[in-house]
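Colleague: Got a structure for you, protein31.txt, holding compact mmCIF, C-alpha atoms.
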```txt
# COMPACT_ATOMS: atom_id res chain seq x y z
CA MET A 37 11.15 -8.24 44.74
CA LEU A 38 12.91 -8.26 41.40
CA ASP A 39 11.53 -6.44 38.45
CA THR A 40 11.66 -8.30 35.20
CA TYR A 41 11.55 -6.71 31.79
CA PHE A 42 9.84 -8.54 28.97
CA PRO A 43 10.75 -6.84 25.70
CA ASP A 44 8.23 -6.49 22.93
CA PRO A 45 8.92 -9.47 20.63
CA LYS A 46 8.64 -7.14 17.64
CA HIS A 47 11.79 -5.40 18.86
CA THR A 48 13.90 -8.56 19.02
CA ALA A 49 15.70 -10.73 16.49
CA GLU A 50 12.48 -12.81 16.13
CA TRP A 51 10.55 -9.80 14.78
CA GLN A 52 9.49 -11.71 11.65
CA ASP A 53 7.30 -14.06 13.67
CA HIS A 54 5.41 -11.21 15.36
CA LEU A 55 5.07 -8.57 12.62
CA THR A 56 1.47 -7.67 11.81
CA TRP A 57 -0.50 -4.93 10.06
CA GLY A 58 -0.31 -1.58 11.76
CA ASP A 59 3.40 -1.93 12.50
CA ILE A 60 5.88 0.63 11.17
CA VAL A 61 9.18 -0.71 9.84
CA SER A 62 12.33 0.67 8.25
CA PHE A 63 12.59 -0.49 4.63
CA ARG A 64 14.48 0.55 1.50
CA PHE A 65 11.39 1.30 -0.59
CA PRO A 66 12.32 1.30 -4.29
CA LEU A 67 11.34 4.32 -6.34
CA GLN A 68 11.50 4.81 -10.07
CA ASP A 69 13.77 7.85 -9.63
CA ASP A 70 16.26 5.72 -7.68
CA ALA A 71 16.33 3.06 -10.39
CA GLU A 72 16.93 5.64 -13.12
CA ALA A 73 19.72 7.32 -11.15
CA GLY A 74 21.30 3.97 -10.30
CA VAL A 75 21.37 4.64 -6.55
CA GLU A 76 20.30 2.38 -3.73
CA PRO A 77 16.84 3.27 -2.38
CA LYS A 78 16.95 5.23 0.85
CA LYS A 79 15.51 3.76 4.00
CA ARG A 80 12.19 5.17 5.05
CA PRO A 81 9.37 4.31 7.41
CA CYS A 82 6.85 1.96 5.85
CA LEU A 83 3.49 0.86 7.19
CA VAL A 84 2.62 -2.84 7.18
CA ILE A 85 -0.90 -2.94 5.71
CA ASP A 86 -1.21 -6.68 5.19
CA ARG A 87 0.44 -9.99 6.05
CA HIS A 88 -0.22 -13.24 4.22
CA GLN A 89 1.35 -16.58 3.34
CA ILE A 90 2.31 -17.67 -0.17
CA GLY A 91 3.15 -21.33 0.14
CA ALA A 92 5.27 -21.58 3.27
CA LEU A 93 6.77 -18.07 2.99
CA PRO A 94 5.31 -15.14 4.91
CA PHE A 95 4.86 -11.92 2.91
CA VAL A 96 3.91 -8.39 3.95
CA THR A 97 2.50 -5.49 1.99
CA LEU A 98 4.26 -2.24 2.84
CA ALA A 99 2.94 1.27 2.22
CA PHE A 100 5.27 4.12 1.31
CA GLY A 101 5.99 6.61 4.11
CA THR A 102 7.05 10.22 3.63
CA SER A 103 7.23 13.46 5.55
CA ALA A 104 6.41 15.49 2.42
CA ASP A 105 2.86 16.78 1.98
CA HIS A 106 1.13 15.05 -0.94
CA LYS A 107 -2.28 16.60 -1.47
CA THR A 108 -3.19 14.22 -4.31
CA THR A 109 -3.19 11.15 -2.06
CA ARG A 110 -5.88 12.13 0.40
CA GLY A 111 -8.07 9.11 -0.29
CA TYR A 112 -5.37 6.55 0.49
CA GLY A 113 -3.27 8.39 3.06
CA VAL A 114 -2.79 7.57 6.72
CA ASP A 115 -1.46 10.68 8.44
CA ILE A 116 0.31 10.86 11.77
CA THR A 117 0.55 14.56 12.59
CA LYS A 118 0.01 15.07 16.32
CA PRO A 119 3.34 15.16 18.21
CA ALA A 120 2.22 12.67 20.87
CA ARG A 121 1.06 10.20 18.18
CA VAL A 122 4.28 10.66 16.20
CA ILE A 123 6.37 9.72 19.24
CA ALA A 124 4.03 6.83 20.19
CA ALA A 125 4.45 5.40 16.66
CA GLY A 126 8.24 5.52 17.03
CA LEU A 127 8.71 8.23 14.41
CA HIS A 128 10.75 11.45 14.53
CA ARG A 129 8.45 13.75 12.54
CA PRO A 130 4.92 13.87 11.14
CA THR A 131 4.56 11.21 8.46
CA ARG A 132 2.07 10.31 5.77
CA PHE A 133 1.75 6.72 4.63
CA ILE A 134 0.54 6.59 1.03
CA CYS A 135 -1.23 3.25 0.86
CA TYR A 136 -1.84 3.11 -2.88
CA ARG A 137 1.94 3.20 -3.28
CA LYS A 138 2.65 -0.24 -1.92
CA ILE A 139 4.94 -3.22 -2.41
CA CYS A 140 4.58 -6.87 -1.41
CA VAL A 141 7.81 -8.44 -0.13
CA SER A 142 8.94 -11.54 1.69
CA LEU A 143 9.96 -11.16 5.31
CA LYS A 144 13.37 -12.47 4.21
CA HIS A 145 13.83 -9.47 1.85
CA ASN A 146 17.14 -7.65 2.26
CA GLY A 147 15.41 -4.24 2.05
CA PHE A 148 14.50 -4.31 5.74
CA VAL A 149 16.92 -2.11 7.71
CA CYS A 150 17.44 -3.52 11.19
CA ASN A 151 18.45 -1.45 14.22
CA ARG A 152 21.87 -2.59 15.45
CA THR A 153 20.86 -2.85 19.10
CA THR A 154 17.47 -4.54 18.72
CA GLU A 155 18.16 -6.44 15.47
CA SER A 156 14.68 -5.45 14.34
CA PRO A 157 13.43 -3.00 11.70
CA VAL A 158 10.26 -2.23 13.70
CA PHE A 159 9.88 1.41 14.88
CA GLY A 160 6.49 1.12 16.49
CA SER A 161 2.81 0.62 15.75
CA LEU A 162 -0.24 2.66 14.92
CA SER A 163 -2.94 3.16 17.52
CA GLY A 164 -6.11 5.13 18.00
CA PRO A 165 -7.60 7.10 15.10
CA GLU A 166 -4.61 6.40 12.85
CA PHE A 167 -5.16 2.66 13.25
CA GLU A 168 -8.85 3.10 12.42
CA ARG A 169 -7.96 5.17 9.35
CA MET A 170 -5.56 2.44 8.22
CA ASN A 171 -8.37 -0.11 8.52
CA GLN A 172 -10.62 2.09 6.37
CA VAL A 173 -7.92 2.33 3.69
CA ARG A 174 -7.26 -1.42 3.89
CA ALA A 175 -10.98 -2.10 3.38
CA ARG A 176 -11.05 0.22 0.38
CA LEU A 177 -7.99 -1.44 -1.18
CA GLN A 178 -9.47 -4.90 -0.57
CA ALA A 179 -12.80 -3.89 -2.13
CA GLU A 180 -11.00 -2.59 -5.22
CA ALA A 181 -8.97 -5.82 -5.44
CA ASP A 182 -12.16 -7.89 -5.18
CA ILE A 183 -13.83 -5.85 -7.93
CA ALA A 184 -10.79 -6.27 -10.20
CA ALA A 185 -10.68 -10.03 -9.52
CA ASP A 186 -14.39 -10.32 -10.35
CA HIS A 187 -13.85 -8.38 -13.57
CA ARG A 188 -10.96 -10.68 -14.58
CA GLU A 189 -13.06 -13.75 -13.78
CA ARG A 190 -15.93 -12.49 -15.92
CA ARG A 191 -13.56 -11.84 -18.79
CA ARG A 192 -12.12 -15.33 -18.41
CA LEU A 193 -15.57 -16.93 -18.47
CA TYR A 194 -17.30 -14.84 -21.09
CA GLY A 195 -14.48 -13.24 -23.04
CA ARG A 196 -14.40 -9.67 -24.12
CA ARG A 197 -17.57 -8.06 -25.30
CA LYS A 198 -17.39 -7.38 -28.96
CA ALA A 199 -18.20 -3.88 -29.96
CA LYS A 200 -21.41 -3.79 -31.94
CA PRO A 201 -21.49 -1.48 -34.90
CA PRO A 202 -23.80 1.43 -34.34
CA THR A 203 -27.27 0.93 -35.78
CA PHE A 204 -28.51 4.04 -37.42
CA THR A 205 -29.66 5.04 -40.88
CA VAL A 206 -28.69 8.03 -42.88
CA GLU A 207 -31.30 9.67 -45.01
CA TYR A 208 -30.25 11.74 -47.89
CA LYS A 209 -32.70 14.05 -49.59
CA ARG A 210 -31.90 15.44 -52.94
CA SER A 211 -32.71 19.02 -53.30
CA LYS A 212 -34.58 20.04 -56.38
CA ARG A 213 -32.58 22.42 -58.38
CA LEU A 214 -34.23 24.80 -60.67
CA ALA A 215 -32.75 24.80 -64.09
```
Rewrite the structure of this file - the entire thing - as structure tokens.

Modeller:
Amino acid sequence: MLDTYFPDPKHTAEWQDHLTWGDIVSFRFPLQDDAEAGVEPKKRPCLVIDRHQIGALPFVTLAFGTSADHKTTRGYGVDITKPARVIAAGLHRPTRFICYRKICVSLKHNGFVCNRTTESPVFGSLSGPEFERMNQVRARLQAEADIAADHRERRRLYGRRKAKPPTFTVEYKRSKRLA
């Protein structure tokens, strides 16, 4: 009996057709410090938090990944800290994905850094509690986007509310001065 090996399609040259949210990719995430210094952004792990079509082009939303500890991003962070989970996700060290620091790019973007052997930028995927945490963050981001869209729609329909001048009266009593 011959054993056959069917590779994960995300780790082949056709990775763009199979990429979905929860996947971790290598991408040159632009930072403001890089732009000011005039250097090319360094490649880093990024978490795919959304995939959508604009016209006929597929786009993904990528969240910034870092191994540094950012305490101010607790509400939007997806942490992978346990060694077994780090290896299962295809990473080398504990990583935090900061989901409020995100960028939407086409799958044809030249910022994706492909592995030479697999011709794919995909490291791995989230699973277990990290995947559930990512879904919670995605829901929060989507709720905030819906609220902002509703606010813009209300402004478009009704215009800005004009500030009303305060309504109050000032009473002034003259004091009687003795002459």

Colleague: Considering all atoms listed in the file, state which residue in the set A:Ala104, A:Leu193, A:Leu143, A:Cys135 is at the smallest distance from A:Ile85.

Modeller: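 Answer, going by the shortest atom-to-atom distance: A:Cys135.
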
Colleague: Residues within 10 Å of stretch 157-174 of chain A, please, as a ChimeraX atom specification. Count all atoms listed in the file; anything in the same chain fewer than 5 positions from it doesn't count.

Modeller: /A:46-49,51-52,55-63,81-86,111-117,121-127,133-136,147-152,179-180

Colleague: Considering only C-alpha atoms, can you say which of A:Val206, A:Arg197, A:Ser156, A:Leu177 comes closest to A:Glu50?

Modeller: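 Closest to A:Glu50, using only C-alpha atoms: A:Ser156.
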
Colleague: If you measure from atom CA of A:His88 to atom CA of A:Thr153, what distance in Å do you get, rounded to one decimal?

Modeller: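 Taking atom CA of A:His88 as the start and atom CA of A:Thr153 as the end point, the length is 27.8 Å.
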
Colleague: If you measure from atom CA of A:Arg176 to atom CA of A:Glu189, what distance in Å do you get, rounded to one decimal?

Modeller: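 Straight-line distance from atom CA of A:Arg176 to atom CA of A:Glu189 works out to 20.0 Å.
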
Colleague: Atom CA of A:Arg196 to atom CA of A:Ala184: how many Å, to one decimal?

Modeller: 14.8 Å
